[in-house]
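For reference, run_38.cif (mmCIF, C-alpha atoms):
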data_final
#
loop_
_atom_site.label_atom_id
_atom_site.label_comp_id
_atom_site.auth_asym_id
_atom_site.auth_seq_id
_atom_site.Cartn_x
_atom_site.Cartn_y
_atom_site.Cartn_z
CA MET A 1254 20.91 -16.34 24.88
CA ARG A 1255 23.15 -16.60 21.84
CA ALA A 1256 25.94 -14.08 21.39
CA ASP A 1257 25.94 -12.37 18.02
CA SER A 1258 26.52 -8.98 16.42
CA LYS A 1259 22.83 -8.01 16.51
CA ASN A 1260 22.54 -7.88 20.27
CA GLY A 1261 25.97 -6.28 20.65
CA LEU A 1262 27.49 -9.21 22.50
CA MET A 1263 30.57 -11.11 21.50
CA TYR A 1264 30.97 -13.84 18.99
CA SER A 1265 33.95 -16.07 18.58
CA ALA A 1266 36.57 -15.60 15.92
CA PHE A 1267 36.29 -19.30 15.36
CA MET A 1268 32.61 -19.45 14.37
CA SER A 1269 33.52 -19.73 10.72
CA GLU A 1270 36.85 -21.51 11.26
CA ARG A 1271 37.06 -24.99 9.79
CA ALA A 1272 40.68 -25.78 10.54
CA PRO A 1273 41.29 -28.37 13.28
CA PHE A 1274 41.32 -26.84 16.75
CA PRO A 1275 40.90 -28.29 20.25
CA ASN A 1276 37.33 -29.38 20.86
CA TRP A 1277 36.76 -26.67 23.48
CA ILE A 1278 37.15 -23.91 20.87
CA LYS A 1279 33.59 -23.65 19.61
CA PRO A 1280 31.02 -20.94 18.88
CA LEU A 1281 30.49 -19.14 22.11
CA ALA A 1282 27.30 -18.82 24.09
CA VAL A 1283 26.61 -16.32 26.86
CA THR A 1284 24.32 -16.50 29.85
CA ALA A 1285 23.92 -13.35 31.93
CA PHE A 1286 23.16 -13.44 35.66
CA PRO A 1287 22.89 -10.61 38.20
CA HIS A 1288 26.39 -11.07 39.61
CA TYR A 1289 28.41 -12.70 36.87
CA THR A 1290 28.49 -13.49 33.19
CA GLU A 1291 28.98 -17.07 32.04
CA ILE A 1292 30.86 -17.59 28.81
CA LYS A 1293 30.90 -21.09 27.37
CA SER A 1294 33.69 -22.25 25.05
CA THR A 1295 35.51 -18.99 24.55
CA SER A 1296 39.03 -18.20 23.38
CA THR A 1297 41.67 -15.49 23.59
CA LEU A 1298 40.85 -13.85 20.28
CA ILE A 1299 37.38 -12.37 20.66
CA PHE A 1300 35.41 -10.22 18.26
CA VAL A 1301 32.96 -7.58 19.43
CA LYS A 1302 30.72 -6.36 16.61
CA GLY A 1303 33.52 -7.23 14.27
CA ALA A 1304 36.31 -5.51 16.22
CA ARG A 1305 39.07 -7.52 17.87
CA THR A 1306 40.12 -6.87 21.43
CA MET A 1307 43.76 -5.86 21.30
CA PRO A 1308 46.34 -6.73 23.93
CA ASN A 1309 48.16 -4.04 25.86
CA ILE A 1310 51.82 -3.48 26.08
CA TRP A 1311 53.16 -1.27 28.86
CA ALA A 1312 52.74 -3.61 31.84
CA HIS A 1313 54.65 -6.37 30.07
CA ILE A 1314 57.54 -4.02 29.33
CA ARG A 1315 57.63 -2.87 32.95
CA PHE A 1316 57.54 -6.44 34.24
CA GLY A 1317 60.41 -7.44 31.97
CA THR A 1318 62.44 -4.44 33.13
CA GLU A 1319 61.91 -5.36 36.78
CA VAL A 1320 62.98 -8.95 36.13
CA LEU A 1321 66.22 -7.77 34.49
CA ASP A 1322 66.88 -5.67 37.59
CA VAL A 1323 66.12 -8.58 39.95
CA LEU A 1324 68.59 -10.71 37.99
CA HIS A 1325 71.19 -7.90 38.24
CA ILE A 1326 71.44 -7.57 34.47
CA ASP A 1327 72.86 -4.12 33.77
CA ARG A 1328 70.48 -2.53 31.29
CA ASN A 1329 72.87 0.36 30.71
CA ALA A 1330 75.43 -2.09 29.33
CA LEU A 1331 72.99 -3.54 26.79
CA ALA A 1332 72.67 -2.23 23.26
CA LYS A 1333 69.44 -0.46 22.30
CA GLU A 1334 68.87 -3.15 19.68
CA TRP A 1335 68.98 -5.82 22.40
CA LEU A 1336 66.65 -3.89 24.69
CA ASN A 1337 64.10 -3.21 21.93
CA ALA A 1338 64.22 -6.90 21.00
CA PHE A 1339 63.60 -7.77 24.65
CA ARG A 1340 60.66 -5.37 24.91
CA ILE A 1341 58.98 -6.69 21.76
CA GLY A 1342 59.63 -10.18 23.12
CA CYS A 1343 57.82 -9.16 26.30
CA GLN A 1344 54.65 -8.99 24.16
CA GLY A 1345 54.83 -12.76 23.68
CA PRO A 1346 52.40 -14.16 21.10
CA ASP A 1347 50.27 -11.01 21.27
CA PHE A 1348 52.06 -9.58 18.23
CA LEU A 1349 50.12 -12.10 16.15
CA PHE A 1350 46.86 -10.31 16.98
CA TYR A 1351 48.12 -7.19 15.22
CA ASP A 1352 48.00 -8.84 11.80
CA HIS A 1353 45.03 -7.02 10.20
CA PHE A 1354 44.50 -5.05 13.42
CA LEU A 1355 42.00 -2.58 11.96
CA PRO A 1356 38.41 -3.49 12.93
CA TRP A 1357 37.14 -3.84 9.37
CA GLN A 1358 39.93 -6.20 8.30
CA PRO A 1359 39.19 -9.95 8.29
CA SER A 1360 40.83 -12.33 10.75
CA THR A 1361 43.94 -14.18 9.65
CA GLU A 1362 45.82 -17.39 10.30
CA LEU A 1363 48.26 -15.40 12.43
CA ASN A 1364 45.38 -14.25 14.65
CA ARG A 1365 44.28 -17.85 15.07
CA LEU A 1366 47.82 -18.94 15.82
CA GLY A 1367 47.96 -16.32 18.57
CA SER A 1368 44.91 -17.85 20.21
CA LEU A 1369 46.31 -21.37 19.98
CA MET A 1370 49.60 -20.29 21.48
CA HIS A 1371 47.81 -18.88 24.53
CA ASN A 1372 46.18 -22.20 25.36
CA VAL A 1373 47.83 -25.14 23.60
CA ARG A 1374 51.36 -26.52 24.17
CA CYS A 1375 52.43 -23.29 25.89
CA GLY A 1376 55.33 -24.84 27.81
CA PRO A 1377 56.64 -27.13 25.04
CA PHE A 1378 56.58 -24.24 22.55
CA LEU A 1379 58.68 -22.04 24.83
CA LEU A 1380 61.09 -24.88 25.50
CA SER A 1381 61.59 -25.37 21.76
CA LEU A 1382 61.94 -21.61 21.23
CA PHE A 1383 64.80 -21.54 23.73
CA ASP A 1384 66.32 -24.60 22.07
CA GLU A 1385 66.30 -22.69 18.79
CA ALA A 1386 67.67 -19.45 20.26
CA ARG A 1387 70.43 -21.03 22.36
CA LYS A 1388 72.47 -21.64 19.22
CA ARG A 1389 73.24 -17.90 19.35
CA PRO A 1390 75.37 -15.80 21.74
CA PHE A 1391 73.69 -13.99 24.63
CA ALA A 1392 74.23 -10.61 22.94
CA ASP A 1393 72.13 -11.68 19.95
CA PRO A 1394 68.75 -9.88 19.76
CA ALA A 1395 67.03 -13.26 19.27
CA ILE A 1396 68.11 -14.24 22.80
CA ALA A 1397 66.67 -11.00 24.16
CA TYR A 1398 63.43 -11.65 22.28
CA THR A 1399 63.13 -15.19 23.62
CA LEU A 1400 63.75 -14.12 27.22
CA GLY A 1401 61.08 -11.45 26.86
CA PHE A 1402 58.67 -14.01 25.40
CA LEU A 1403 59.13 -16.18 28.49
CA LEU A 1404 58.39 -13.24 30.79
CA HIS A 1405 55.19 -12.45 28.91
CA HIS A 1406 54.03 -15.97 29.64
CA ILE A 1407 54.91 -15.76 33.32
CA LEU A 1408 53.13 -12.45 33.90
CA ASP A 1409 50.08 -13.63 31.97
CA ARG A 1410 49.70 -16.87 33.86
CA HIS A 1411 49.62 -14.97 37.14
CA LEU A 1412 47.56 -11.88 36.17
CA HIS A 1413 45.32 -12.94 33.30
CA PRO A 1414 42.73 -14.69 35.50
CA PHE A 1415 42.43 -11.47 37.53
CA VAL A 1416 41.98 -9.37 34.39
CA PHE A 1417 39.46 -11.71 32.77
CA SER A 1418 37.39 -11.92 35.95
CA ARG A 1419 37.28 -8.19 36.66
CA SER A 1420 36.99 -6.90 33.09
CA GLY A 1421 34.08 -9.11 32.08
CA PHE A 1422 32.86 -9.69 28.57
CA LYS A 1423 30.96 -6.56 27.66
CA LYS A 1424 32.00 -4.68 24.57
CA TRP A 1425 35.39 -2.98 25.01
CA HIS A 1426 35.53 -3.71 28.77
CA HIS A 1427 38.56 -6.00 28.52
CA GLN A 1428 40.40 -3.42 26.45
CA ARG A 1429 39.44 -0.54 28.74
CA TYR A 1430 40.50 -2.55 31.78
CA GLU A 1431 43.93 -3.34 30.37
CA THR A 1432 44.69 0.21 29.24
CA ALA A 1433 43.60 1.46 32.68
CA MET A 1434 45.73 -1.17 34.42
CA ASP A 1435 48.73 -0.29 32.24
CA SER A 1436 48.30 3.35 33.23
CA ALA A 1437 47.99 2.64 36.96
CA ILE A 1438 50.87 0.15 37.08
CA LEU A 1439 53.32 2.32 35.14
CA MET A 1440 52.58 5.40 37.23
CA ARG A 1441 52.89 3.47 40.50
CA ARG A 1442 55.95 1.40 39.67
CA ALA A 1443 57.88 3.65 37.28
CA GLY A 1444 56.40 7.16 37.44
CA VAL A 1445 55.52 6.92 33.75
CA HIS A 1446 52.31 8.42 32.35
CA THR A 1447 51.35 6.09 29.52
CA GLY A 1448 48.99 8.68 28.06
CA SER A 1449 51.86 11.08 27.37
CA THR A 1450 54.71 8.64 26.69
CA PRO A 1451 55.04 6.98 23.27
CA VAL A 1452 55.85 3.28 23.41
CA ALA A 1453 56.55 2.66 19.71
CA PRO A 1454 60.23 3.78 19.83
CA ASP A 1455 60.91 1.23 22.59
CA ILE A 1456 59.64 -1.73 20.56
CA ASP A 1457 60.88 -0.73 17.12
CA THR A 1458 62.92 -3.60 15.68
CA GLY A 1459 62.85 -2.44 12.08
CA GLY A 1460 59.54 -4.08 11.25
CA ARG A 1461 60.71 -7.66 11.74
CA LEU A 1462 61.37 -10.25 14.40
CA PRO A 1463 64.71 -9.42 16.06
CA GLY A 1464 67.88 -11.09 14.89
CA GLU A 1465 66.27 -12.28 11.65
CA PHE A 1466 64.48 -14.83 13.83
CA SER A 1467 61.30 -15.26 11.78
CA SER A 1468 62.36 -18.45 9.99
CA ASP A 1469 63.51 -19.99 13.28
CA PHE A 1470 60.25 -18.95 14.94
CA LEU A 1471 58.23 -20.51 12.13
CA ARG A 1472 60.23 -23.73 12.45
CA VAL A 1473 59.17 -23.96 16.11
CA VAL A 1474 55.56 -23.16 15.17
CA SER A 1475 55.69 -26.02 12.64
CA GLU A 1476 56.81 -28.39 15.38
CA HIS A 1477 53.94 -27.59 17.73
CA TYR A 1478 51.12 -26.28 15.52
CA PRO A 1479 51.69 -28.06 12.18
CA ALA A 1480 48.13 -27.69 10.89
CA ILE A 1481 48.32 -23.91 10.88
CA ALA A 1482 52.05 -23.48 10.28
CA GLY A 1483 51.71 -24.51 6.65
CA LYS A 1484 49.46 -21.50 6.05
CA ILE A 1485 51.97 -19.00 7.44
CA THR A 1486 55.22 -17.56 6.10
CA ALA A 1487 58.21 -16.01 7.83
CA GLU A 1488 57.46 -12.79 5.97
CA GLN A 1489 53.99 -12.68 7.49
CA LEU A 1490 55.47 -13.03 10.98
CA ASP A 1491 57.73 -10.07 10.29
CA GLY A 1492 54.72 -8.20 8.92
CA ALA A 1493 52.80 -8.69 12.16
CA ILE A 1494 55.70 -7.16 14.10
CA ALA A 1495 55.65 -4.16 11.76
CA GLN A 1496 51.88 -3.79 12.17
CA MET A 1497 52.22 -3.90 15.95
CA THR A 1498 54.62 -0.96 15.92
CA ARG A 1499 52.38 0.88 13.45
CA ALA A 1500 49.34 0.27 15.65
CA GLN A 1501 51.07 1.68 18.73
CA ARG A 1502 51.94 4.84 16.80
CA LEU A 1503 48.30 5.13 15.77
CA PHE A 1504 46.90 4.50 19.26
CA TYR A 1505 49.21 7.03 20.94
CA ASP A 1506 46.98 10.09 21.26
CA PRO A 1507 48.22 12.47 24.00
CA SER A 1508 46.07 15.39 22.83
CA GLY A 1509 43.01 13.31 22.01
CA TRP A 1510 42.62 14.61 18.46
CA LYS A 1511 42.84 11.16 16.86
CA GLY A 1512 40.03 9.89 19.04
CA ARG A 1513 37.86 12.85 18.11
CA VAL A 1514 38.53 12.46 14.39
CA ALA A 1515 37.78 8.74 14.65
CA PHE A 1516 34.52 9.43 16.56
CA GLY A 1517 35.80 7.62 19.65
CA GLN A 1518 36.69 4.41 17.83
CA LEU A 1519 40.33 4.60 18.97
CA SER A 1520 39.62 5.39 22.61
CA PRO A 1521 39.48 1.77 23.83
CA PHE A 1522 42.98 1.23 22.42
CA SER A 1523 44.65 4.51 23.39
CA PRO A 1524 46.31 4.96 26.79
CA PRO A 1525 44.04 7.08 29.02
CA LEU A 1526 44.87 10.76 29.26
CA GLN A 1527 44.27 10.67 33.03
CA ILE A 1528 45.29 8.10 35.62
CA PRO A 1529 42.20 5.98 36.44
CA ASP A 1530 40.33 7.15 39.53
CA TRP A 1531 38.74 3.73 40.14
CA ASP A 1532 40.33 0.74 41.84
CA VAL A 1533 41.61 -1.05 38.74
CA LEU A 1534 44.39 -2.75 40.75
CA ASN A 1535 42.00 -3.92 43.49
CA ASP A 1536 43.91 -2.25 46.30
CA ALA A 1537 40.77 -2.66 48.40
CA LYS A 1538 41.09 -6.44 47.93
CA GLN A 1539 37.49 -6.82 46.82
CA PRO A 1540 36.38 -10.37 45.95
CA TRP A 1541 36.58 -11.60 42.37
CA ILE A 1542 35.42 -14.93 41.02
CA ASP A 1543 37.77 -17.42 39.47
CA PRO A 1544 37.25 -17.25 35.69
CA THR A 1545 37.37 -21.06 35.43
CA ASP A 1546 35.32 -21.95 38.53
CA ARG A 1547 32.54 -19.70 39.77
CA THR A 1548 32.60 -21.36 43.20
CA LEU A 1549 36.08 -19.99 43.91
CA VAL A 1550 36.48 -16.41 45.11
CA HIS A 1551 39.80 -14.55 45.32
CA HIS A 1552 40.76 -11.28 47.01
CA ASP A 1553 44.24 -10.76 45.58
CA SER A 1554 45.28 -7.32 44.37
CA ALA A 1555 47.21 -6.78 41.16
CA ASP A 1556 50.29 -5.86 43.21
CA GLU A 1557 50.17 -9.17 45.09
CA LEU A 1558 49.82 -11.14 41.87
CA TRP A 1559 52.61 -9.09 40.29
CA ASP A 1560 54.96 -9.87 43.17
CA ARG A 1561 54.20 -13.60 42.85
CA ALA A 1562 54.90 -13.37 39.14
CA LEU A 1563 58.24 -11.67 39.91
CA GLU A 1564 59.24 -14.52 42.22
CA ASP A 1565 58.26 -17.05 39.57
CA ALA A 1566 60.11 -15.11 36.87
CA HIS A 1567 63.25 -14.76 38.97
CA ALA A 1568 63.59 -18.51 39.43
CA THR A 1569 62.42 -19.54 35.97
CA THR A 1570 64.43 -16.97 34.02
CA ALA A 1571 67.57 -17.69 36.03
CA ALA A 1572 67.14 -21.37 35.13
CA ALA A 1573 66.67 -20.44 31.47
CA ILE A 1574 69.83 -18.31 31.42
CA SER A 1575 71.81 -21.09 33.11
CA TRP A 1576 70.69 -23.46 30.36
CA LEU A 1577 71.62 -20.94 27.67
CA ASP A 1578 75.07 -20.67 29.25
CA ALA A 1579 75.70 -24.43 29.51
CA LYS A 1580 79.20 -25.45 28.39
CA THR A 1581 78.73 -29.17 27.71
CA ASN A 1582 75.97 -31.36 26.30
CA GLU A 1583 75.64 -33.19 29.61
CA GLU A 1584 75.32 -29.94 31.54
CA SER A 1585 72.84 -28.62 28.97
CA ALA A 1586 70.60 -31.68 29.30
CA LEU A 1587 70.44 -31.34 33.08
CA LEU A 1588 69.79 -27.60 33.02
CA LYS A 1589 67.10 -27.99 30.37
CA VAL A 1590 65.23 -30.35 32.69
CA SER A 1591 65.54 -27.88 35.58
CA PHE A 1592 64.15 -25.09 33.41
CA SER A 1593 61.29 -27.20 32.05
CA GLU A 1594 60.22 -28.21 35.56
CA LEU A 1595 59.82 -24.55 36.51
CA LEU A 1596 58.28 -23.60 33.18
CA GLN A 1597 55.62 -26.35 33.18
CA ASP A 1598 52.84 -26.36 30.55
CA LEU A 1599 50.41 -23.71 31.73
CA SER A 1600 47.86 -21.64 29.84
CA TYR A 1601 48.57 -17.93 29.42
CA GLU A 1602 44.88 -17.27 30.12
CA THR A 1603 44.14 -19.36 33.19
CA GLY A 1604 47.50 -20.24 34.74
CA LEU A 1605 46.25 -23.84 34.78
CA PRO A 1606 47.56 -26.81 32.77
CA CYS A 1607 46.99 -26.42 29.04
CA GLY A 1608 43.97 -28.23 27.66
CA GLY A 1609 41.97 -27.68 30.84
CA ILE A 1610 38.94 -25.54 31.60
CA PRO A 1611 38.84 -22.30 29.56
CA VAL A 1612 38.00 -18.82 30.83
CA THR A 1613 34.27 -19.04 31.51
CA TYR A 1614 33.10 -16.65 34.25
CA ALA A 1615 33.49 -12.96 34.96
CA GLU A 1616 31.97 -10.03 36.80
CA SER A 1617 32.97 -6.69 35.31
CA VAL A 1618 34.04 -3.86 37.59
CA VAL A 1619 34.75 -1.48 34.70
CA PRO A 1620 32.81 1.77 35.27
CA GLN A 1621 29.96 2.43 32.87
CA ARG A 1622 30.42 5.41 30.57
#
I need this file expressed as structure tokens, please.
Amino acid sequence: MRADSKNGLMYSAFMSERAPFPNWIKPLAVTAFPHYTEIKSTSTLIFVKGARTMPNIWAHIRFGTEVLDVLHIDRNALAKEWLNAFRIGCQGPDFLFYDHFLPWQPSTELNRLGSLMHNVRCGPFLLSLFDEARKRPFADPAIAYTLGFLLHHILDRHLHPFVFSRSGFKKWHHQRYETAMDSAILMRRAGVHTGSTPVAPDIDTGGRLPGEFSSDFLRVVSEHYPAIAGKITAEQLDGAIAQMTRAQRLFYDPSGWKGRVAFGQLSPFSPPLQIPDWDVLNDAKQPWIDPTDRTLVHHDSADELWDRALEDAHATTAAAISWLDAKTNEESALLKVSFSELLQDLSYETGLPCGGIPVTYAESVVPQR
């Protein structure tokens, strides 16, 4: 059964893409079975009847905050500019998906770059990003941004398989799952109701990459994704950051009037007005299939995966900060190796080595509306 817009299933953003991409990024085909859905040759950036799934934001901010606390970094002593840079950094490459975020707008090279960055040269890109940022003092917002970017990767590589498996591939299910998970995690771990708390002020960096970092960021993109880098400008990168903040202001809908005016079109993107009453975090430890291998079954809850990600982040981020703080070239070279060994080269989507099996299988647990 072919996936296309007529039957309401998904079709890949890459169906009309002619630029060189890894050979596993191809038009996607779907086979439905009673207990799981098989997706062949998919990618991060997915279109559903022309509308992109958009990443969510709150859980990544919370995770970054917890890592700062674990590392005994006094948040009260940090400038608001640094903290906002850190929080926008905690969104990792997801900011690229906000370029032309409205459903009727065409996909862009930035969108495609976002998908590449989730699956190709993930570790080497981050290593180069730190190499670029370490020329600056720790108080520079670009350092905050880069640390946040690392933490986005670490949380994703631990939790994304869980989310892909349990959200499935039906229209809007991935988006609904992530907004529900954001809501449940923030209430449990921070007492924050995402439906009544605006996030835009916490990620506002003046509509640009923090610390005037866009040219540096593009230089790293050119090193690892040269085919697409030539089609992108530093100004476009800043523009995607501005659109991300704008989108979060639009999606914030505590009274629900925006959703009503938009005939429900915003609801998949807006934080839920009520805390989910279904087991989005898998506290019951129900089985879920591995999204890369349908013969593997896991029972982990989101909390268990989160705690593993925290352990990973503690060690990896501490190694990164030690490298940033190196005093000599010899010390820097040794600490860079230590950091890279912990970082590895793992996909944001699967937690497996980049270039391996893509997300392929899922069984949605999202309640039907």
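Residue neighbourhood of Ile1542 in chain A, excluding near-sequence residues (fewer than 5 positions): Ser1418, Arg1547, Thr1548, Leu1549, Val1550, His1551, Tyr1614, Ala1615 and Glu1616 of chain A, at 8 Å, using all atoms listed in the file.
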Evaluate the PyMOL selection byres ((chain A and resi 1562) around 9) against this structure - the residues, as a tab-separated table (two decimals) with C-alpha atoms, in the coordinates of the input, please.
chain	number	residue	atom	x	y	z
A	1316	PHE	CA	57.54	-6.44	34.24
A	1407	ILE	CA	54.91	-15.76	33.32
A	1408	LEU	CA	53.13	-12.45	33.90
A	1409	ASP	CA	50.08	-13.63	31.97
A	1410	ARG	CA	49.70	-16.87	33.86
A	1411	HIS	CA	49.62	-14.97	37.14
A	1412	LEU	CA	47.56	-11.88	36.17
A	1557	GLU	CA	50.17	-9.17	45.09
A	1558	LEU	CA	49.82	-11.14	41.87
A	1559	TRP	CA	52.61	-9.09	40.29
A	1560	ASP	CA	54.96	-9.87	43.17
A	1561	ARG	CA	54.20	-13.60	42.85
A	1563	LEU	CA	58.24	-11.67	39.91
A	1564	GLU	CA	59.24	-14.52	42.22
A	1565	ASP	CA	58.26	-17.05	39.57
A	1566	ALA	CA	60.11	-15.11	36.87
A	1567	HIS	CA	63.25	-14.76	38.97
* To do: Go through A:Trp1531, A:Trp1510, A:Phe1402, A:Tyr1478 and flag the residue nearest Tyr1601 in chain A, using all atoms listed in the file for the distances.
  =>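 So, comparing all the options, the nearest one is A:Phe1402.
Between CA of Ala1453 in chain A and CA of Gly1342 in chain A the separation is 13.6 Å.
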* To do: Select, from A:His1405, A:Lys1484, A:Lys1589, A:Lys1538, the residue with the minimum atom-to-atom distance to Asn1364 in chain A, counting only C-alpha atoms.
  =>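 Once distances to Asn1364 in chain A are computed over only C-alpha atoms, the minimum belongs to A:Lys1484.
Nearest residue to His1313 in chain A among A:Ala1392, A:Leu1379, A:Ile1438, A:Ala1386 is A:Ile1438, counting only C-alpha atoms.
Using all atoms listed in the file, the residues found no farther than 9 Å from Pro1451 in chain A, other than those of its own chain fewer than 2 positions away, are A:Thr1447, A:Gly1448, A:Ser1449, A:Ala1453, A:Pro1454, A:Asp1455, A:Gln1501, A:Arg1502, A:Tyr1505, A:Asp1506, A:Pro1507.
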* Convert the output of the PyMOL selection byres ((chain A and resi 1462) around 12) on the shown file into explicit residues, formatted as a PyMOL selection string. => chain A and resi 1334-1335+1337-1342+1344-1346+1348-1349+1394-1399+1402+1456-1461+1463-1471+1487-1498
* **Between CA of Ala1573 in chain A and CA of Asp1556 in chain A, distance in Å (one decimal)** =>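 For CA of Ala1573 in chain A relative to CA of Asp1556 in chain A, the distance reads 24.9 Å.
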